[in-house]
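Undergrad: Contents are compact mmCIF, C-alpha atoms and all ligand atoms; file name final_39.txt:
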```txt
# COMPACT_ATOMS: atom_id res chain seq x y z
CA MET W 134 -54.02 14.20 -84.92
CA ALA W 135 -54.15 14.19 -88.72
CA GLY W 136 -51.45 16.21 -90.46
CA GLN W 137 -49.02 16.18 -87.55
CA PRO W 138 -45.83 14.15 -87.81
CA ILE W 139 -45.82 10.79 -86.02
CA PRO W 140 -43.52 10.82 -82.97
CA VAL W 141 -41.08 7.91 -83.37
CA ILE W 142 -38.09 6.47 -81.53
CA ILE W 143 -35.72 4.07 -83.29
CA ASP W 144 -33.89 1.44 -81.24
CA CYS W 145 -31.06 0.18 -83.43
CA ASP W 146 -27.75 -1.64 -83.81
CA THR W 147 -26.27 0.58 -86.57
CA GLY W 148 -25.55 -1.35 -88.83
CA VAL W 149 -25.58 -0.61 -92.57
CA ASP W 150 -29.36 -0.91 -92.93
CA ASP W 151 -30.07 0.71 -89.54
CA ALA W 152 -28.15 3.70 -90.92
CA LEU W 153 -30.45 3.67 -93.97
CA ALA W 154 -33.40 3.65 -91.55
CA LEU W 155 -32.04 6.64 -89.60
CA LEU W 156 -31.45 8.67 -92.77
CA PHE W 157 -35.02 8.04 -93.84
CA ALA W 158 -36.55 8.84 -90.45
CA VAL W 159 -34.67 12.13 -90.17
CA ARG W 160 -35.76 13.26 -93.62
CA HIS W 161 -39.38 12.10 -93.81
CA PRO W 162 -41.67 15.06 -93.08
CA GLY W 163 -44.35 12.79 -91.63
CA LEU W 164 -42.03 11.49 -88.89
CA ASP W 165 -40.76 13.26 -85.80
CA LEU W 166 -37.63 11.38 -84.65
CA ARG W 167 -37.51 12.13 -80.91
CA ALA W 168 -34.60 9.90 -79.87
CA VAL W 169 -32.44 6.99 -80.98
CA THR W 170 -31.34 4.23 -78.63
CA CYS W 171 -28.52 1.78 -79.24
CA VAL W 172 -28.08 -1.88 -78.41
CA ALA W 173 -25.46 -4.54 -79.07
CA GLY W 174 -26.24 -6.49 -82.24
CA ASN W 175 -24.49 -6.00 -85.55
CA THR W 176 -21.49 -4.75 -83.57
CA ASP W 177 -20.65 -3.92 -79.94
CA VAL W 178 -22.78 -1.23 -78.33
CA ASP W 179 -20.03 1.42 -78.32
CA GLY W 180 -19.57 0.89 -82.04
CA VAL W 181 -23.32 1.20 -82.51
CA VAL W 182 -23.36 4.50 -80.60
CA ARG W 183 -20.46 5.86 -82.66
CA ASN W 184 -22.05 4.83 -85.96
CA THR W 185 -25.43 6.24 -84.93
CA LEU W 186 -23.99 9.64 -83.96
CA THR W 187 -22.03 9.78 -87.23
CA VAL W 188 -25.11 9.03 -89.33
CA LEU W 189 -27.24 11.62 -87.53
CA GLU W 190 -24.56 14.26 -88.12
CA ARG W 191 -24.38 13.36 -91.82
CA ALA W 192 -28.16 13.41 -92.04
CA GLY W 193 -28.26 16.95 -90.66
CA ALA W 194 -29.86 15.93 -87.36
CA PRO W 195 -27.10 16.48 -84.79
CA ASP W 196 -29.52 17.28 -81.95
CA VAL W 197 -31.53 14.05 -81.77
CA PRO W 198 -30.62 12.47 -78.40
CA VAL W 199 -28.82 9.12 -78.60
CA GLY W 200 -28.82 6.67 -75.69
CA ARG W 201 -26.35 3.86 -75.07
CA GLY W 202 -28.16 0.66 -74.11
CA ALA W 203 -27.53 -2.99 -73.39
CA GLU W 204 -24.07 -4.44 -74.00
CA ARG W 205 -25.41 -7.94 -74.43
CA PRO W 206 -28.67 -9.87 -74.62
CA LEU W 207 -30.61 -10.91 -71.49
CA LEU W 208 -29.21 -14.45 -71.45
CA GLU W 209 -27.02 -15.00 -74.49
CA PRO W 210 -23.55 -13.58 -75.12
CA ALA W 211 -23.31 -10.83 -77.77
CA ARG W 212 -22.74 -12.30 -81.24
CA SER W 213 -21.97 -9.65 -83.85
CA ALA W 214 -22.74 -9.61 -87.59
CA ARG W 215 -19.54 -7.81 -88.67
CA HIS W 216 -19.08 -10.30 -91.50
CA VAL W 217 -22.16 -8.66 -93.06
CA HIS W 218 -21.77 -5.05 -91.87
CA GLY W 219 -17.98 -4.61 -91.98
CA SER W 220 -15.40 -4.36 -89.21
CA ASP W 221 -16.79 -1.02 -87.97
CA GLY W 222 -20.33 -2.44 -88.19
CA MET W 223 -21.36 0.13 -90.82
CA GLY W 224 -19.75 -0.74 -94.10
CA ASP W 225 -16.17 0.47 -93.41
CA LEU W 226 -16.84 3.67 -95.35
CA GLY W 227 -14.06 5.60 -93.60
CA LEU W 228 -16.43 8.18 -92.11
CA PRO W 229 -15.04 10.64 -89.54
CA ALA W 230 -15.66 10.07 -85.82
CA PRO W 231 -18.70 11.92 -84.47
CA THR W 232 -18.14 15.31 -82.85
CA ARG W 233 -20.62 14.86 -79.99
CA ALA W 234 -21.24 12.40 -77.18
CA PRO W 235 -24.35 10.34 -76.43
CA ALA W 236 -26.91 11.45 -73.84
CA ASP W 237 -25.76 11.34 -70.23
CA VAL W 238 -28.52 8.83 -69.41
CA ASP W 239 -28.74 5.20 -70.48
CA ALA W 240 -31.05 4.03 -73.27
CA VAL W 241 -33.80 2.72 -70.99
CA THR W 242 -33.93 5.99 -69.05
CA LEU W 243 -33.93 7.98 -72.30
CA LEU W 244 -36.70 5.83 -73.75
CA ARG W 245 -38.85 6.31 -70.64
CA ARG W 246 -38.22 10.05 -70.58
CA GLU W 247 -38.98 10.63 -74.26
CA ILE W 248 -42.02 8.35 -74.36
CA LEU W 249 -43.66 9.95 -71.33
CA ALA W 250 -42.73 13.49 -72.43
CA SER W 251 -44.26 13.10 -75.89
CA PRO W 252 -47.51 15.06 -76.31
CA ARG W 253 -48.81 12.22 -78.50
CA PRO W 254 -48.28 8.45 -78.23
CA VAL W 255 -44.94 7.33 -79.63
CA THR W 256 -44.36 4.62 -82.23
CA LEU W 257 -41.31 2.55 -81.28
CA ILE W 258 -39.30 1.17 -84.20
CA PRO W 259 -36.80 -1.45 -83.04
CA THR W 260 -34.49 -2.49 -85.87
CA ALA W 261 -32.22 -4.56 -83.64
CA PRO W 262 -32.31 -7.23 -80.93
CA LEU W 263 -35.09 -6.25 -78.50
CA THR W 264 -32.96 -6.17 -75.33
CA ASN W 265 -33.46 -2.44 -74.61
CA ILE W 266 -37.17 -2.70 -75.28
CA ALA W 267 -37.58 -5.68 -72.95
CA LEU W 268 -35.62 -3.91 -70.19
CA LEU W 269 -37.78 -0.82 -70.66
CA LEU W 270 -41.04 -2.76 -70.50
CA ARG W 271 -39.95 -4.62 -67.37
CA THR W 272 -38.43 -1.59 -65.62
CA HIS W 273 -41.01 1.06 -66.52
CA PRO W 274 -44.24 -0.69 -67.58
CA GLU W 275 -46.10 2.63 -67.25
CA VAL W 276 -44.61 3.69 -70.61
CA THR W 277 -47.12 1.48 -72.41
CA ARG W 278 -49.81 4.12 -71.83
CA ASN W 279 -48.00 6.45 -74.24
CA ILE W 280 -46.84 3.90 -76.84
CA GLU W 281 -49.01 3.88 -79.95
CA ARG W 282 -47.48 0.76 -81.44
CA ILE W 283 -44.24 -1.18 -81.80
CA VAL W 284 -43.21 -1.77 -85.42
CA PHE W 285 -40.17 -4.01 -85.27
CA MET W 286 -37.83 -5.45 -87.86
CA GLY W 287 -37.38 -9.01 -86.82
CA GLY W 288 -38.63 -12.54 -87.13
CA ALA W 289 -39.62 -14.51 -90.19
CA VAL W 290 -42.76 -16.31 -91.25
CA THR W 291 -40.85 -18.67 -93.50
CA THR W 292 -37.04 -18.76 -93.74
CA GLY W 293 -34.52 -17.40 -91.25
CA ASN W 294 -31.03 -15.99 -91.76
CA ALA W 295 -29.14 -16.51 -88.48
CA THR W 296 -30.40 -20.12 -88.53
CA PRO W 297 -32.58 -21.91 -91.07
CA VAL W 298 -35.64 -20.73 -89.14
CA ALA W 299 -34.56 -17.78 -86.95
CA GLU W 300 -34.00 -14.18 -87.99
CA PHE W 301 -30.93 -12.41 -86.48
CA ASN W 302 -32.64 -9.81 -84.25
CA VAL W 303 -34.92 -12.36 -82.58
CA TRP W 304 -32.24 -15.07 -82.50
CA HIS W 305 -29.79 -12.69 -80.80
CA ASP W 306 -32.12 -12.17 -77.85
CA PRO W 307 -35.15 -14.49 -78.00
CA GLU W 308 -36.25 -13.80 -74.41
CA ALA W 309 -36.33 -10.06 -75.11
CA ALA W 310 -38.41 -10.62 -78.25
CA ALA W 311 -40.85 -12.76 -76.27
CA ILE W 312 -41.24 -9.97 -73.68
CA ALA W 313 -41.90 -7.37 -76.39
CA LEU W 314 -44.46 -9.55 -78.15
CA THR W 315 -46.44 -10.19 -74.98
CA ALA W 316 -46.35 -6.64 -73.56
CA GLY W 317 -49.94 -5.93 -74.55
CA VAL W 318 -48.88 -3.12 -76.90
CA PRO W 319 -50.12 -3.23 -80.52
CA ILE W 320 -47.24 -4.68 -82.52
CA THR W 321 -46.33 -5.08 -86.17
CA MET W 322 -43.72 -7.60 -87.32
CA TYR W 323 -41.78 -6.45 -90.38
CA GLY W 324 -39.97 -9.74 -90.82
CA LEU W 325 -37.45 -11.19 -93.24
CA ASP W 326 -40.19 -12.23 -95.67
CA VAL W 327 -40.77 -8.58 -96.63
CA PHE W 328 -37.38 -7.20 -95.52
CA MET W 329 -35.50 -9.17 -98.20
CA ARG W 330 -37.70 -8.01 -101.05
CA VAL W 331 -37.27 -4.23 -101.05
CA VAL W 332 -34.18 -3.67 -103.20
CA VAL W 333 -33.12 -0.37 -104.78
CA PRO W 334 -31.95 -0.94 -108.38
CA GLY W 335 -28.28 -0.35 -109.21
CA PRO W 336 -28.74 2.77 -111.38
CA GLU W 337 -30.67 4.51 -108.57
CA VAL W 338 -27.97 3.65 -106.05
CA HIS W 339 -25.37 4.95 -108.49
CA ARG W 340 -27.28 8.24 -108.75
CA LEU W 341 -27.42 8.62 -104.95
CA ARG W 342 -23.68 7.98 -104.72
CA GLY W 343 -23.05 10.81 -107.15
CA SER W 344 -24.93 13.35 -105.01
CA THR W 345 -23.04 16.30 -103.51
CA GLU W 346 -25.35 16.27 -100.47
CA PRO W 347 -23.61 14.25 -97.70
CA GLY W 348 -26.69 12.43 -96.35
CA THR W 349 -27.93 11.43 -99.80
CA ARG W 350 -24.48 10.25 -100.81
CA LEU W 351 -24.16 8.23 -97.61
CA ALA W 352 -27.45 6.46 -98.41
CA GLY W 353 -26.01 5.48 -101.79
CA ASP W 354 -22.74 4.23 -100.31
CA LEU W 355 -24.59 2.20 -97.68
CA LEU W 356 -26.89 0.64 -100.27
CA ALA W 357 -23.91 -0.24 -102.44
CA HIS W 358 -22.28 -2.03 -99.51
CA ARG W 359 -24.91 -4.75 -99.61
CA PRO W 360 -23.74 -8.13 -100.90
CA THR W 361 -22.84 -7.91 -104.57
CA GLN W 362 -22.56 -10.55 -107.23
CA GLN W 363 -19.27 -11.36 -108.87
CA GLY W 364 -18.91 -10.32 -112.51
CA GLY W 365 -21.74 -8.89 -114.55
CA ASP W 366 -23.07 -5.36 -114.86
CA PRO W 367 -21.35 -2.94 -112.38
CA GLU W 368 -24.51 -0.82 -112.00
CA ALA W 369 -26.63 -3.86 -111.16
CA GLU W 370 -24.00 -4.80 -108.58
CA GLU W 371 -24.68 -1.56 -106.72
CA ALA W 372 -28.29 -2.63 -106.10
CA GLY W 373 -28.96 -2.82 -102.37
CA GLY W 374 -31.74 -3.73 -99.98
CA LEU W 375 -33.45 -1.13 -97.79
CA GLY W 376 -33.40 -3.68 -94.99
CA ASP W 377 -34.35 -2.05 -91.68
CA ALA W 378 -35.38 1.14 -93.48
CA GLY W 379 -38.38 -0.79 -94.80
CA ALA W 380 -39.77 -0.96 -91.24
CA VAL W 381 -39.60 2.83 -91.02
CA CYS W 382 -41.31 3.08 -94.43
CA ALA W 383 -44.06 0.90 -92.93
CA VAL W 384 -44.64 3.54 -90.24
CA ALA W 385 -44.58 6.49 -92.65
CA ASP W 386 -46.69 4.68 -95.25
CA PRO W 387 -48.53 1.71 -93.69
CA GLU W 388 -50.55 1.17 -96.88
CA GLY W 389 -47.40 -0.20 -98.51
CA ILE W 390 -47.57 -3.47 -96.58
CA VAL W 391 -50.25 -6.12 -96.24
CA THR W 392 -50.56 -7.41 -92.69
CA ARG W 393 -52.61 -10.12 -91.02
CA ARG W 394 -53.24 -10.34 -87.29
CA LEU W 395 -51.89 -13.76 -86.34
CA PRO W 396 -50.76 -15.62 -83.23
CA VAL W 397 -46.96 -15.51 -82.94
CA GLU W 398 -44.74 -17.28 -80.43
CA VAL W 399 -40.96 -17.06 -80.04
CA SER W 400 -39.31 -20.44 -79.68
CA LEU W 401 -37.21 -20.24 -76.48
CA ALA W 402 -36.21 -23.88 -76.11
CA PRO W 403 -32.53 -24.70 -76.70
CA GLY W 404 -31.90 -26.42 -80.01
CA PRO W 405 -32.33 -25.79 -83.71
CA ALA W 406 -35.59 -23.83 -83.43
CA ARG W 407 -34.40 -21.34 -80.78
CA GLY W 408 -35.25 -17.81 -81.86
CA GLN W 409 -37.80 -18.85 -84.46
CA THR W 410 -40.98 -16.78 -84.64
CA ILE W 411 -43.68 -19.42 -84.99
CA VAL W 412 -46.52 -17.75 -86.91
CA ASP W 413 -49.81 -19.63 -86.86
CA ARG W 414 -51.42 -19.24 -90.30
CA ARG W 415 -53.71 -22.25 -90.02
CA PRO W 416 -57.30 -21.55 -91.02
CA ARG W 417 -58.75 -23.68 -88.21
CA PRO W 418 -57.66 -25.25 -84.90
CA GLY W 419 -55.54 -28.38 -85.18
CA GLU W 420 -55.34 -31.57 -83.18
CA SER W 421 -53.14 -29.88 -80.58
CA GLU W 422 -55.94 -27.41 -79.72
CA ILE W 423 -58.64 -30.09 -79.94
CA HIS W 424 -56.87 -32.47 -77.56
CA GLU W 425 -54.94 -30.11 -75.31
CA GLY W 426 -57.00 -26.91 -75.46
CA ARG W 427 -56.13 -23.50 -76.84
CA ARG W 428 -53.12 -21.60 -75.52
CA GLU W 429 -53.20 -17.82 -75.24
CA LEU W 430 -50.68 -16.42 -77.71
CA ALA W 431 -49.71 -12.85 -78.59
CA LEU W 432 -51.52 -11.48 -81.62
CA VAL W 433 -49.19 -9.69 -83.99
CA ASP W 434 -49.87 -7.76 -87.20
CA VAL W 435 -47.51 -9.73 -89.42
CA ALA W 436 -46.36 -8.17 -92.70
CA LEU W 437 -47.03 -10.77 -95.39
CA ASP W 438 -46.59 -8.66 -98.50
CA VAL W 439 -44.96 -5.37 -99.49
CA ASP W 440 -45.32 -3.01 -102.43
CA VAL W 441 -41.65 -2.96 -103.40
CA ASP W 442 -41.84 -0.18 -106.01
CA ARG W 443 -43.78 2.04 -103.65
CA TYR W 444 -41.20 1.78 -100.86
CA VAL W 445 -38.25 2.18 -103.21
CA LYS W 446 -39.83 5.35 -104.62
CA LEU W 447 -40.68 6.62 -101.13
CA TYR W 448 -37.13 5.99 -99.92
CA LEU W 449 -35.48 7.67 -102.87
CA GLU W 450 -37.74 10.73 -102.66
CA THR W 451 -37.15 11.04 -98.94
CA VAL W 452 -33.38 10.64 -98.72
CA GLY W 453 -32.96 12.88 -101.76
CA ARG W 454 -34.40 15.72 -99.64
CA PRO W 455 -31.73 17.90 -98.04
C1 LIG E 1 -31.44 -7.75 -89.19
O1 LIG E 1 -30.17 -8.16 -88.70
C2 LIG E 1 -29.23 -7.12 -88.83
O2 LIG E 1 -28.03 -7.61 -89.33
C3 LIG E 1 -29.85 -6.09 -89.73
O3 LIG E 1 -29.45 -4.79 -89.33
C4 LIG E 1 -31.34 -6.29 -89.54
O4 LIG E 1 -31.84 -5.52 -88.47
C5 LIG E 1 -31.82 -8.69 -90.32
O5 LIG E 1 -31.91 -9.99 -89.87
CA CA E 2 -30.51 -3.77 -87.49
```
Translate the structure described by the file into structure tokens.
Ligand code: BDR
Ligand code: CA
TA:
Amino acid sequence: MAGQPIPVIIDCDTGVDDALALLFAVRHPGLDLRAVTCVAGNTDVDGVVRNTLTVLERAGAPDVPVGRGAERPLLEPARSARHVHGSDGMGDLGLPAPTRAPADVDAVTLLRREILASPRPVTLIPTAPLTNIALLLRTHPEVTRNIERIVFMGGAVTTGNATPVAEFNVWHDPEAAAIALTAGVPITMYGLDVFMRVVVPGPEVHRLRGSTEPGTRLAGDLLAHRPTQQGGDPEAEEAGGLGDAGAVCAVADPEGIVTRRLPVEVSLAPGPARGQTIVDRRPRPGESEIHEGRRELALVDVALDVDVDRYVKLYLETVGRP
């Protein structure tokens, strides 16, 4: 219904940029954050739960239910990204421990409950390995009737980060990503190609860091944690990427990205391409289809371009709101 906030659930591995995503979702008036579920990824799942609860308290949203999910991917061992996100998984900012506990049900149960209880179909925003989402879809497939769309941060059309071709979230649990892509739910891929581009300039980050409002200041500190260059202008060094928060911007303001509906397949074979999202951008069938016939592949709305200034402005306006 027009004018009503979009019901959303974020499944995350908080995570510096997952924290930026949570701050945005809590403060955007067009979004109704109904729950947050946690999965192992950037750090272990208990660390993710702790970080998530802390961020929600700072953001002024202490009542959003938080569910603890999978401790490891479906097949792979857990492989953290603490070298990027700090030893606590969220920038080592020295934040206090949260004052409340997670929900007394696991993430999959919480997802099912909140999706089916929502008066309007829910948009799921996974910003992490898709383990919880795959377990949900396999355990409670009836939830798809009340899912509007999945908008996930993951995958890459061109270059990967975990490997030359695979993006971290998909690489961490490729089987889970394959399950999510083929669930028959409309799905948008906010991949590395757009993810890397949305960077908040140093002076804006500096301004956020000077705020007396705890949530706004946290956004600034998180943005400043992003990799910095040695030497040079200290304000420019504070520049930081929105990362996962860009996927939430894409739900609040879908006009800010350009998508194309394309066949996408997750490479599951062992070897150097494992975890790659193979996006078929060819204008016409190739020899493989001519000689071997067409294969049915999931169609995904792949983000190919992003209006960087628009999302930076949207983010700054939103997190600046108390
Ligand atoms: C993704 O990996 C994680 O480190 C980030 O939080 C983001 O979700 C980028 O590849
Ligand atoms: Ca993440």
Undergrad: Could you name the residues that touch Ala385 of chain W at 12 Å or less, counting only C-alpha atoms, but leaving out those on the same chain fewer than 6 positions away, as a list of chain:residue names?
TA: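 These residues fall inside the cut-off: W:Gln137, W:Pro138, W:Ile139, W:Pro140, W:Val141, W:Ala154, W:Phe157, W:Ala158, W:Val159, W:Arg160, W:His161, W:Pro162, W:Gly163, W:Leu164, W:Asp165, W:Leu166, W:Thr256, W:Ile258, W:Val284, W:Ala378, W:Gly379, W:Arg443, W:Tyr444, W:Leu447, W:Tyr448, W:Thr451.
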Undergrad: Using the selection just defined, write its residues with C-alpha atoms as a compact mmCIF listing (two decimals), in the coordinates of the input.
TA:
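Result file part.txt:
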```txt
# COMPACT_ATOMS: atom_id res chain seq x y z
CA GLN W 137 -49.02 16.18 -87.55
CA PRO W 138 -45.83 14.15 -87.81
CA ILE W 139 -45.82 10.79 -86.02
CA PRO W 140 -43.52 10.82 -82.97
CA VAL W 141 -41.08 7.91 -83.37
CA ALA W 154 -33.40 3.65 -91.55
CA PHE W 157 -35.02 8.04 -93.84
CA ALA W 158 -36.55 8.84 -90.45
CA VAL W 159 -34.67 12.13 -90.17
CA ARG W 160 -35.76 13.26 -93.62
CA HIS W 161 -39.38 12.10 -93.81
CA PRO W 162 -41.67 15.06 -93.08
CA GLY W 163 -44.35 12.79 -91.63
CA LEU W 164 -42.03 11.49 -88.89
CA ASP W 165 -40.76 13.26 -85.80
CA LEU W 166 -37.63 11.38 -84.65
CA THR W 256 -44.36 4.62 -82.23
CA ILE W 258 -39.30 1.17 -84.20
CA VAL W 284 -43.21 -1.77 -85.42
CA ALA W 378 -35.38 1.14 -93.48
CA GLY W 379 -38.38 -0.79 -94.80
CA ARG W 443 -43.78 2.04 -103.65
CA TYR W 444 -41.20 1.78 -100.86
CA LEU W 447 -40.68 6.62 -101.13
CA TYR W 448 -37.13 5.99 -99.92
CA THR W 451 -37.15 11.04 -98.94
```
Undergrad: Using only C-alpha atoms and all ligand atoms, which residues have at least one atom no more than 6 Å from ligand CA 2 (chain E)? Output them as number ranges by chain.
TA: W: 145-146, 148, 151, 260-261, 377
Undergrad: What separation in Å, quoted to one decimal, exists between atom CA of Ser421 of chain W and atom CA of Val290 of chain W?
TA: 20.1 Å
Undergrad: Rounded to one decimal in Å, what is the spacing between atom CA of Leu257 of chain W and atom CA of Ile143 of chain W?
TA: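 Going from atom CA of Leu257 of chain W over to atom CA of Ile143 of chain W, I get 6.1 Å.
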Undergrad: Residues within 10 Å of ligand LIG 1 (chain E) (all atoms listed in the file), as a PyMOL selection string?
TA: chain W and resi 145-154+174-176+213-218+222-223+259-262+285-289+293-295+299-305+324-325+328-329+375-378+380
Undergrad: For atom CA of Pro274 of chain W and atom CA of Asp239 of chain W, quote the distance in Å rounded to one decimal.
TA: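 Going from atom CA of Pro274 of chain W over to atom CA of Asp239 of chain W covers 16.8 Å.
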Undergrad: Measuring atom to atom with only C-alpha atoms, identify which of W:Val332, W:Val441, W:Ile312, W:Val397 is nearest to Leu207 of chain W.
TA: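 Checking each of W:Val332, W:Val441, W:Ile312, W:Val397 against Leu207 of chain W, counting only C-alpha atoms, the winner is W:Ile312.
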Undergrad: Which residue is closest to Val241 of chain W? Choose from W:Thr291, W:Thr277, W:Thr170, W:Ser220 and count all atoms listed in the file.
TA: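 Of all the options, W:Thr170 lies closest to Val241 of chain W.
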Undergrad: For each of W:Val181, W:Val318, W:Ala250, W:Ala234, take the minimum atom-to-atom distance to Asp434 of chain W, counting only C-alpha atoms, then give the residue where this is smallest.
TA: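 Selected residue with least distance to Asp434 of chain W: W:Val318.
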Undergrad: What lies within 10 Å of Gly373 of chain W using only C-alpha atoms, ignoring chain neighbours under 3 positions off, as a list in words?
TA: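 In the requested format, the answer is Asp150, Val331, Val332, Val333, Pro334, Gly335, Glu337, Val338, Gly353, Asp354, Leu355, Leu356, Ala357, His358, Arg359, Pro360, Thr361, Ala369, Glu370 and Gly376 of chain W.
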Undergrad: Per residue of segment 243-321 of chain W within 10 Å of segment 185-201 of chain W, what are the shortest atom pair and its distance in Å to one decimal, counting all atoms listed in the file, with rows by chain and residue number, as a tab-separated table?
TA:
```
residue	atom	partner	partner_atom	distance
W:Leu243	CA	W:Gly200	CA	6.3
W:Leu244	CA	W:Gly200	CA	8.2
W:Glu247	CA	W:Pro198	CA	9.5
W:Asn265	CA	W:Arg201	CA	9.5
```
Undergrad: With only C-alpha atoms as the counted atoms, please give the residues lying no more than 7 Å from Ala267 of chain W, apart from itself and same-chain residues fewer than 3 positions off, as a ChimeraX atom specification.
TA: /W:263-264,270-271,309,312-313
Undergrad: Which of these residues is nearest to Ala310 of chain W, using all atoms listed in the file: W:Gly408, W:Gly227, W:Gly219, W:Pro387?
TA: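 Smallest separation from Ala310 of chain W among the options: W:Gly408.
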Undergrad: Identify, on the basis of all atoms listed in the file, every residue whose closest approach to Ala173 of chain W does not exceed 7 Å; exclude the query and any residue fewer than 5 positions from it along the same chain; express the result as a ChimeraX atom specification.
TA: /W:146,178,203-205,211
Undergrad: Of the residues W:Ala352, W:Pro336, W:Pro396, W:Asp440, which is the one nearest to Ile320 of chain W, using all atoms listed in the file?
TA: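 The shortest atom-to-atom distance to Ile320 of chain W comes from W:Pro396.
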Undergrad: For Arg393 of chain W, list every protein, DNA or RNA residue within 12 Å, evaluated using all atoms listed in the file, and leave out those in the same chain fewer than 5 positions away; present the list as a list in words.
TA: Val290, Ile320, Thr321, Met322, Tyr323, Val412, Asp413, Arg414, Leu432, Val433, Asp434, Val435, Ala436, Leu437 and Asp438 of chain W
